[in-house]
Structure formats: structure tokens, C-alpha cells
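What's in target-v8.cif: mmCIF, C-alpha atoms
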data_structure
loop_
_atom_site.label_atom_id
_atom_site.label_comp_id
_atom_site.auth_asym_id
_atom_site.auth_seq_id
_atom_site.Cartn_x
_atom_site.Cartn_y
_atom_site.Cartn_z
CA MET T 208 -7.14 14.00 -0.97
CA GLY T 209 -8.02 16.30 1.90
CA VAL T 210 -4.37 17.04 2.57
CA THR T 211 -3.70 18.13 -0.99
CA SER T 212 -6.90 20.12 -1.38
CA GLU T 213 -6.62 21.94 1.96
CA LEU T 214 -2.88 22.41 2.22
CA ILE T 215 -2.20 23.52 -1.33
CA ARG T 216 -3.83 26.86 -1.97
CA GLY T 217 -3.19 27.93 -5.55
CA ASP T 218 0.55 27.89 -5.88
CA ILE T 219 1.19 28.12 -2.14
CA TYR T 220 2.28 24.83 -0.61
CA PHE T 221 2.20 24.43 3.17
CA TRP T 222 5.19 22.16 3.07
CA GLY T 223 5.52 21.59 6.80
CA GLN T 224 1.95 20.39 7.23
CA LEU T 225 1.96 18.50 3.94
CA MET T 226 5.01 16.56 5.03
CA ALA T 227 3.58 16.03 8.52
CA GLY T 228 0.49 14.52 6.87
CA ALA T 229 2.68 12.33 4.66
CA VAL T 230 4.67 11.10 7.67
CA LEU T 231 1.53 10.31 9.68
CA GLY T 232 -0.06 8.64 6.67
CA SER T 233 2.94 6.42 6.05
CA VAL T 234 3.27 5.22 9.67
CA PRO T 235 0.46 2.59 9.50
CA ILE T 236 1.80 1.32 6.17
CA VAL T 237 5.31 0.98 7.58
CA ILE T 238 3.98 -0.90 10.62
CA LEU T 239 1.92 -3.24 8.43
CA TYR T 240 4.89 -3.79 6.14
CA VAL T 241 7.12 -4.77 9.04
CA PHE T 242 4.55 -7.27 10.32
CA PHE T 243 3.98 -8.85 6.91
CA LEU T 244 7.59 -8.68 5.72
CA ASP T 245 7.95 -12.46 5.61
CA TYR T 246 4.93 -12.75 3.32
CA TYR T 247 6.33 -10.09 0.99
CA VAL T 248 9.67 -11.86 0.73
CA SER T 249 8.08 -15.27 0.16
CA GLY T 250 5.79 -13.76 -2.47
CA LEU T 251 8.66 -12.03 -4.25
CA THR T 252 10.74 -15.18 -4.37
CA ALA T 253 7.85 -17.58 -5.06
CA GLY T 254 8.47 -17.68 -8.79
CA ALA T 255 12.25 -17.74 -8.59
CA VAL T 256 14.07 -20.50 -10.47
CA LYS T 257 17.71 -21.21 -9.79
CA MET O 167 33.92 -22.07 5.14
CA GLY O 168 36.13 -20.37 7.67
CA ARG O 169 34.69 -18.06 10.25
CA ARG O 170 36.68 -15.14 8.92
CA LYS O 171 35.49 -15.73 5.38
CA LEU O 172 31.87 -15.95 6.52
CA ARG O 173 32.17 -12.71 8.44
CA LYS O 174 33.64 -11.02 5.39
CA ARG O 175 30.79 -12.27 3.22
CA ILE O 176 28.18 -10.97 5.65
CA LEU O 177 29.97 -7.62 5.80
CA ILE O 178 30.05 -7.31 2.00
CA ALA O 179 26.35 -8.24 1.78
CA HIS O 180 25.50 -5.50 4.28
CA VAL O 181 27.69 -2.93 2.55
CA LEU O 182 26.01 -3.72 -0.76
CA LEU O 183 22.63 -3.15 0.88
CA VAL O 184 23.53 0.37 2.05
CA PRO O 185 22.82 2.20 -1.26
CA PHE O 186 19.41 0.50 -1.49
CA LEU O 187 18.62 1.41 2.10
CA VAL O 188 19.61 5.04 1.53
CA PHE O 189 17.46 5.14 -1.61
CA ALA O 190 14.47 3.59 0.19
CA LEU O 191 14.70 5.62 3.38
CA PHE O 192 15.60 9.01 1.93
CA PRO O 193 11.98 10.08 1.23
CA PHE O 194 10.99 9.28 4.82
CA TYR O 195 14.02 11.17 6.14
CA HIS O 196 13.20 14.17 3.99
CA MET O 197 9.50 14.10 4.90
CA THR O 198 10.22 13.85 8.62
CA LEU O 199 12.87 16.56 8.45
CA THR O 200 10.64 18.97 6.53
CA SER O 201 7.74 18.36 8.90
CA LEU O 202 9.94 19.23 11.89
CA LYS O 203 11.46 22.40 10.46
CA GLN O 204 10.23 25.83 11.40
CA ASP O 205 8.56 27.86 8.66
CA ARG O 206 11.36 30.40 8.90
CA GLU O 207 13.90 27.76 7.96
CA LEU O 208 11.66 26.05 5.40
CA TYR O 209 11.34 29.17 3.30
CA ASP O 210 14.93 30.33 3.76
CA ARG O 211 16.70 29.87 0.43
CA HIS O 212 20.11 29.70 2.06
CA ALA O 213 19.16 27.00 4.57
CA VAL O 214 20.62 23.52 4.21
CA PRO O 215 17.74 21.34 2.95
CA LEU O 216 18.93 18.10 4.55
CA LEU O 217 19.59 19.38 8.06
CA ILE O 218 17.68 21.21 10.79
CA LYS O 219 19.79 24.17 11.79
CA GLN O 220 17.33 26.48 13.53
CA GLY O 221 15.79 23.95 15.91
CA PRO O 222 12.94 21.44 15.42
CA THR O 223 9.29 22.21 16.04
CA LEU O 224 6.06 20.21 16.32
CA GLU O 225 4.05 23.20 15.12
CA HIS O 226 3.14 21.59 11.79
CA TYR O 227 1.84 18.46 13.49
CA THR O 228 -0.31 20.39 15.96
CA LYS O 229 -1.68 22.58 13.15
CA LEU O 230 -2.40 19.56 10.99
CA LEU O 231 -4.13 17.63 13.76
CA TRP O 232 -6.13 20.41 15.40
CA ASP O 233 -6.58 23.14 12.77
CA THR O 234 -7.52 20.92 9.83
CA GLU O 235 -9.87 17.96 9.38
CA PHE O 236 -6.95 15.54 9.10
CA LEU O 237 -8.33 13.08 11.66
CA THR O 238 -11.70 12.97 9.88
CA TRP O 239 -9.98 12.41 6.53
CA THR O 240 -7.94 9.60 8.04
CA GLN O 241 -11.08 7.95 9.43
CA GLU O 242 -12.84 8.20 6.08
CA GLN O 243 -9.91 7.01 4.00
CA PRO O 244 -10.36 3.22 4.51
CA ALA O 245 -14.01 3.40 3.39
CA ARG O 246 -13.01 5.44 0.33
CA ASP O 247 -10.24 3.01 -0.52
CA ARG O 248 -12.57 0.05 -0.17
CA ALA O 249 -15.16 1.64 -2.47
CA LEU O 250 -12.53 2.36 -5.11
CA ASP O 251 -10.87 -1.05 -4.80
CA ASP O 252 -14.17 -2.83 -5.28
CA GLY O 253 -14.53 -1.22 -8.66
CA ARG O 254 -10.93 -1.40 -9.75
CA PRO O 255 -10.45 -5.12 -10.48
CA SER O 256 -13.57 -5.20 -12.58
CA SER O 257 -12.17 -2.69 -14.96
CA SER O 258 -8.41 -2.73 -14.79
CA ALA O 259 -8.17 -4.69 -18.02
CA PRO O 260 -9.66 -2.22 -20.49
CA SER O 261 -8.63 0.96 -18.66
CA ARG O 262 -5.07 1.04 -19.98
CA PRO O 263 -4.29 2.11 -23.54
CA THR O 264 -2.39 -1.10 -24.31
CA ARG O 265 -5.40 -3.17 -23.28
CA LEU O 266 -7.78 -0.85 -25.10
CA ALA O 267 -5.97 -1.72 -28.31
CA ARG O 268 -7.17 -5.30 -27.83
CA LEU O 269 -10.83 -4.37 -27.72
CA LYS O 270 -12.98 -5.04 -30.74
CA PHE O 271 -15.21 -2.07 -31.46
CA PHE O 272 -14.89 0.20 -34.49
CA GLY O 273 -12.07 2.77 -34.35
CA VAL O 274 -10.53 1.24 -31.26
CA GLY O 275 -6.97 1.79 -32.54
CA ALA O 276 -7.42 5.54 -32.87
CA PHE O 277 -9.28 5.63 -29.56
CA GLY O 278 -6.45 3.81 -27.74
CA THR O 279 -3.83 6.05 -29.33
CA GLY O 280 -5.84 9.11 -28.33
CA ILE O 281 -5.96 7.99 -24.72
CA PHE O 282 -2.25 7.17 -24.79
CA VAL O 283 -1.42 10.65 -26.12
CA THR O 284 -3.63 12.16 -23.42
CA TYR O 285 -1.35 10.58 -20.82
CA LEU O 286 1.44 12.83 -22.11
CA VAL O 287 -0.51 16.02 -21.46
CA PRO O 288 0.03 17.49 -17.98
CA THR O 289 -2.97 16.88 -15.73
CA SER O 290 -3.43 20.54 -14.90
CA LEU O 291 -3.78 21.35 -18.61
CA LEU O 292 -6.38 18.62 -19.03
CA PHE O 293 -8.47 19.75 -16.11
CA LEU O 294 -9.13 23.25 -17.44
CA PRO O 295 -11.06 22.10 -20.54
CA LEU O 296 -12.60 19.27 -18.49
CA ALA O 297 -13.96 21.80 -16.00
CA GLN O 298 -15.46 23.72 -18.92
CA VAL O 299 -17.07 20.57 -20.29
CA ILE O 300 -18.56 19.79 -16.88
CA ASN O 301 -19.93 23.32 -16.60
CA TRP O 302 -21.30 23.11 -20.13
CA LEU O 303 -23.09 19.87 -19.25
CA GLY O 304 -24.52 21.53 -16.14
CA LEU O 305 -22.90 18.97 -13.85
CA ALA O 306 -20.81 21.31 -11.72
CA ASP O 307 -21.24 20.77 -7.97
CA SER O 308 -22.94 17.42 -8.49
CA LYS O 309 -21.96 13.80 -7.96
CA TRP O 310 -22.11 13.22 -11.72
CA ALA O 311 -19.08 15.45 -12.10
CA LEU O 312 -17.20 12.81 -10.13
CA VAL O 313 -18.46 10.05 -12.42
CA LEU O 314 -16.95 11.89 -15.36
CA THR O 315 -13.68 12.97 -13.81
CA VAL O 316 -12.66 10.17 -11.43
CA PRO O 317 -12.07 7.09 -13.59
CA ASP O 318 -12.62 4.69 -10.70
CA VAL O 319 -16.24 5.73 -10.24
CA PRO O 320 -17.75 4.56 -13.56
CA ARG O 321 -15.51 1.52 -13.86
CA PRO O 322 -17.86 -0.93 -12.10
CA LEU O 323 -20.33 -0.21 -14.92
CA LEU O 324 -18.03 -2.19 -17.18
CA TYR O 325 -19.45 -5.28 -15.52
CA LEU O 326 -22.47 -4.63 -17.67
CA ALA O 327 -20.47 -4.57 -20.91
CA PRO O 328 -21.64 -7.26 -23.33
CA ASP O 329 -19.45 -10.24 -24.19
CA GLY O 330 -17.54 -9.83 -27.41
CA LEU O 331 -16.79 -6.16 -26.76
CA LEU O 332 -14.05 -7.00 -24.31
CA PRO O 333 -10.91 -9.01 -25.05
CA HIS O 334 -11.21 -12.76 -24.85
CA GLY O 335 -10.44 -13.98 -21.35
CA ALA O 336 -9.95 -10.51 -19.92
CA GLN O 337 -13.35 -9.92 -18.41
CA GLY O 338 -17.01 -9.85 -19.21
CA GLY O 339 -20.23 -8.54 -17.86
CA ARG O 340 -21.70 -11.97 -17.27
CA GLY O 341 -18.52 -13.85 -16.56
CA VAL O 342 -14.99 -14.52 -17.69
CA ARG O 343 -14.18 -17.10 -20.32
CA ASP O 344 -11.20 -19.08 -19.18
CA GLY O 345 -10.59 -21.74 -21.77
CA ARG O 346 -13.74 -23.88 -21.83
CA ARG O 347 -14.76 -22.80 -18.36
CA ARG O 348 -16.96 -19.88 -17.65
CA HIS O 349 -16.79 -18.19 -14.28
CA PRO O 350 -20.07 -16.71 -13.15
CA HIS O 351 -18.37 -14.04 -11.08
CA PRO O 352 -14.76 -13.22 -11.84
CA GLY O 353 -12.83 -12.17 -8.75
CA PRO O 354 -9.59 -10.22 -8.71
CA VAL O 355 -7.71 -13.50 -9.09
CA ALA O 356 -9.37 -14.15 -12.42
CA TYR O 357 -8.22 -10.76 -13.63
CA ARG O 358 -4.74 -11.45 -12.44
CA ALA O 359 -4.82 -14.61 -14.50
CA ALA O 360 -5.97 -12.64 -17.51
CA ASP O 361 -3.35 -9.94 -16.96
CA HIS O 362 -0.49 -12.39 -17.05
CA ARG O 363 -1.23 -14.17 -20.27
CA PRO O 364 1.09 -17.12 -20.52
CA GLY O 365 3.65 -17.28 -23.26
CA PRO O 366 4.29 -20.40 -25.29
CA GLY O 367 6.21 -23.34 -23.88
CA VAL O 368 6.23 -25.38 -20.72
CA ARG O 369 6.53 -22.41 -18.38
CA GLY O 370 3.54 -20.77 -20.03
CA ALA O 371 1.46 -23.94 -19.67
CA LEU O 372 2.50 -24.26 -16.04
CA ARG O 373 1.59 -20.67 -15.35
CA LEU O 374 -1.78 -21.10 -17.07
CA SER O 375 -2.60 -24.19 -15.04
CA ARG O 376 -1.63 -22.36 -11.85
CA CYS O 377 -3.83 -19.41 -12.81
CA ARG O 378 -6.75 -21.70 -13.59
CA GLY O 379 -6.29 -23.51 -10.33
CA THR O 380 -6.39 -20.32 -8.26
CA SER O 381 -9.22 -18.69 -10.17
CA SER O 382 -11.42 -21.75 -9.99
CA SER O 383 -10.74 -22.05 -6.27
CA THR O 384 -12.31 -18.63 -5.73
CA ARG O 385 -15.70 -19.85 -6.84
#

Mind converting the file's structure to C-alpha cells?
Amino acid sequence: MGVTSELIRGDIYFWGQLMAGAVLGSVPIVILYVFFLDYYVSGLTAGAVK
Amino acid sequence: MGRRKLRKRILIAHVLLVPFLVFALFPFYHMTLTSLKQDRELYDRHAVPLLIKQGPTLEHYTKLLWDTEFLTWTQEQPARDRALDDGRPSSSAPSRPTRLARLKFFGVGAFGTGIFVTYLVPTSLLFLPLAQVINWLGLADSKWALVLTVPDVPRPLLYLAPDGLLPHGAQGGRGVRDGRRRHPHPGPVAYRAADHRPGPGVRGALRLSRCRGTSSSTR
């Protein structure tokens, strides 16, 4: 919320900083995803019927 | 299976994965690339968008970290998420137009259609009249403006909605009806069970029993 309200002024987008914020914001999610990958896969395939 | 055949199979499986990988990773590539480009190159119309030609820079990162409140926002984000998530399960059922159509009060069809049509209007167009309404109500610069504009804020109030107003089995202020059972406090699992209403047949019955099993285990 802060990133969009501070780094978008009217129709001026500070793309470099916006993207830097997006990259930094996605890092923890990527790390968590890698650690819990097995759970995701087992959850996705839990209802599968051959 | 021969070793050669197995190797070929593995190779084909990996090749088939490549388009999905490119699709999944492209946004991260583009974000990282844009964040490392110099302003001069970013706003140059003739620059190649997918490559850094004029040298990378960490300027955007340093500006973001030290010239804005980014670190404070990041610290506050988990608390904000938690507050919003607490309210979300209690109200996810009636918040969507398709679910609204299942509610029982007078004129609900027109109300649901109205909300559905509103989804088609660009957000920026909606916010101009909404800002006027908030000013007209004298709520500008107050927390009540948030209650009106951020849908997640008033949603927990739906806990207080009387039974009979909400769809059967979806949710209720004093508990969820799940067949003959009545859960005193429906957790997110109970909503999940209500969201995925089972269809007819054996699979539906199996799914229902699984949902009941998990929702009753939350008590």
C-alpha cells in the first residue's frame, strides 16, 4: 500500500523503485514457497483420481 | 525400460516444462531488470526493454530503503494482513455477487446484479463519486472512511447478521448449520466446506463427509 501511494504520484510512476519494492516484497514469499513446495504439491494432487 | 528411452523421456518432460517456467519466471525477470536499470535507460523509448544496455545500478534500492518508509511498511504489513485475514473468512461467502444472489432479502437479485455491474466499472471512475459521498457524509480524514471504502473492514460485522438472512450452510452470526449439526464458531474450514458445495452422487457424498469431518475437528 505504501509503495503504491508513495511511488505513484498522479500519473508519474517511479518504475525503478516500484519494481525494487516488488522484488524485495516477493523474496520472502519465494523463500517460503521453496521450503513448503512439497506441501503444495501434495495438496494439489490430493484430490487426483487416476 | 531401456536407459536410453528413460533419458529421452526425462529430456522431453524437461523440455515441456520450459514454456511454463518462462511464463512463471518472466515477471520476476522483468521486475529485477527494471529495478536495476538506470532512470536514463528506463525512460528511453528506444531502449530494449528486456536487456540492460547502459549498465546496472542499485540506485533504486538505496532510494527505496533509505529515502522512503519501505522498511516500516514491511514491518507493519504482517499485522495488517493478519487483521484483514481475520475478517475475511467470516464474510467471504456473501461478498461475491454470485453468492449474494443466494441471499434471501427483498430485491436481492437486483442488488447482486448491481454489484456485479459495478465490477465492470474501472476502479478509478468509482473512487471519484465515492470520495464525494465520503465528503458529503463528513467522513473525510476519519477511520470511518476506511469502513466504507475498504470492504475487508466492515466484513467481520457480518458475524452479527441474523440467521435466515444468509444462505443455508454458508455462515451465520451465531453459528453455521451443517446438516443437523450446528457449529458454535465456524472457522475458515467451515467456510471452505460451504464454498465447495457437493454435487450429487458418490463423489459429492464423499466430499461432504470429508468436509464435515474437518470442520467438526476444528471445534

Expressed in Å, the length from atom CA of Tyr209 of chain O to atom CA of Asp233 of chain O is 21.1 Å

Neighbours of chain T in chain O at 12 Å, counting all atoms listed in the file, as number ranges by chain: O: 191, 193-209, 222-244, 246-247, 290, 369, 372-373, 376

From atom CA of Val316 of chain O to atom CA of Trp302 of chain O the spacing works out at 17.8 Å

Computed gap from atom CA of Leu187 of chain O to atom CA of Val241 of chain T is 14.8 Å
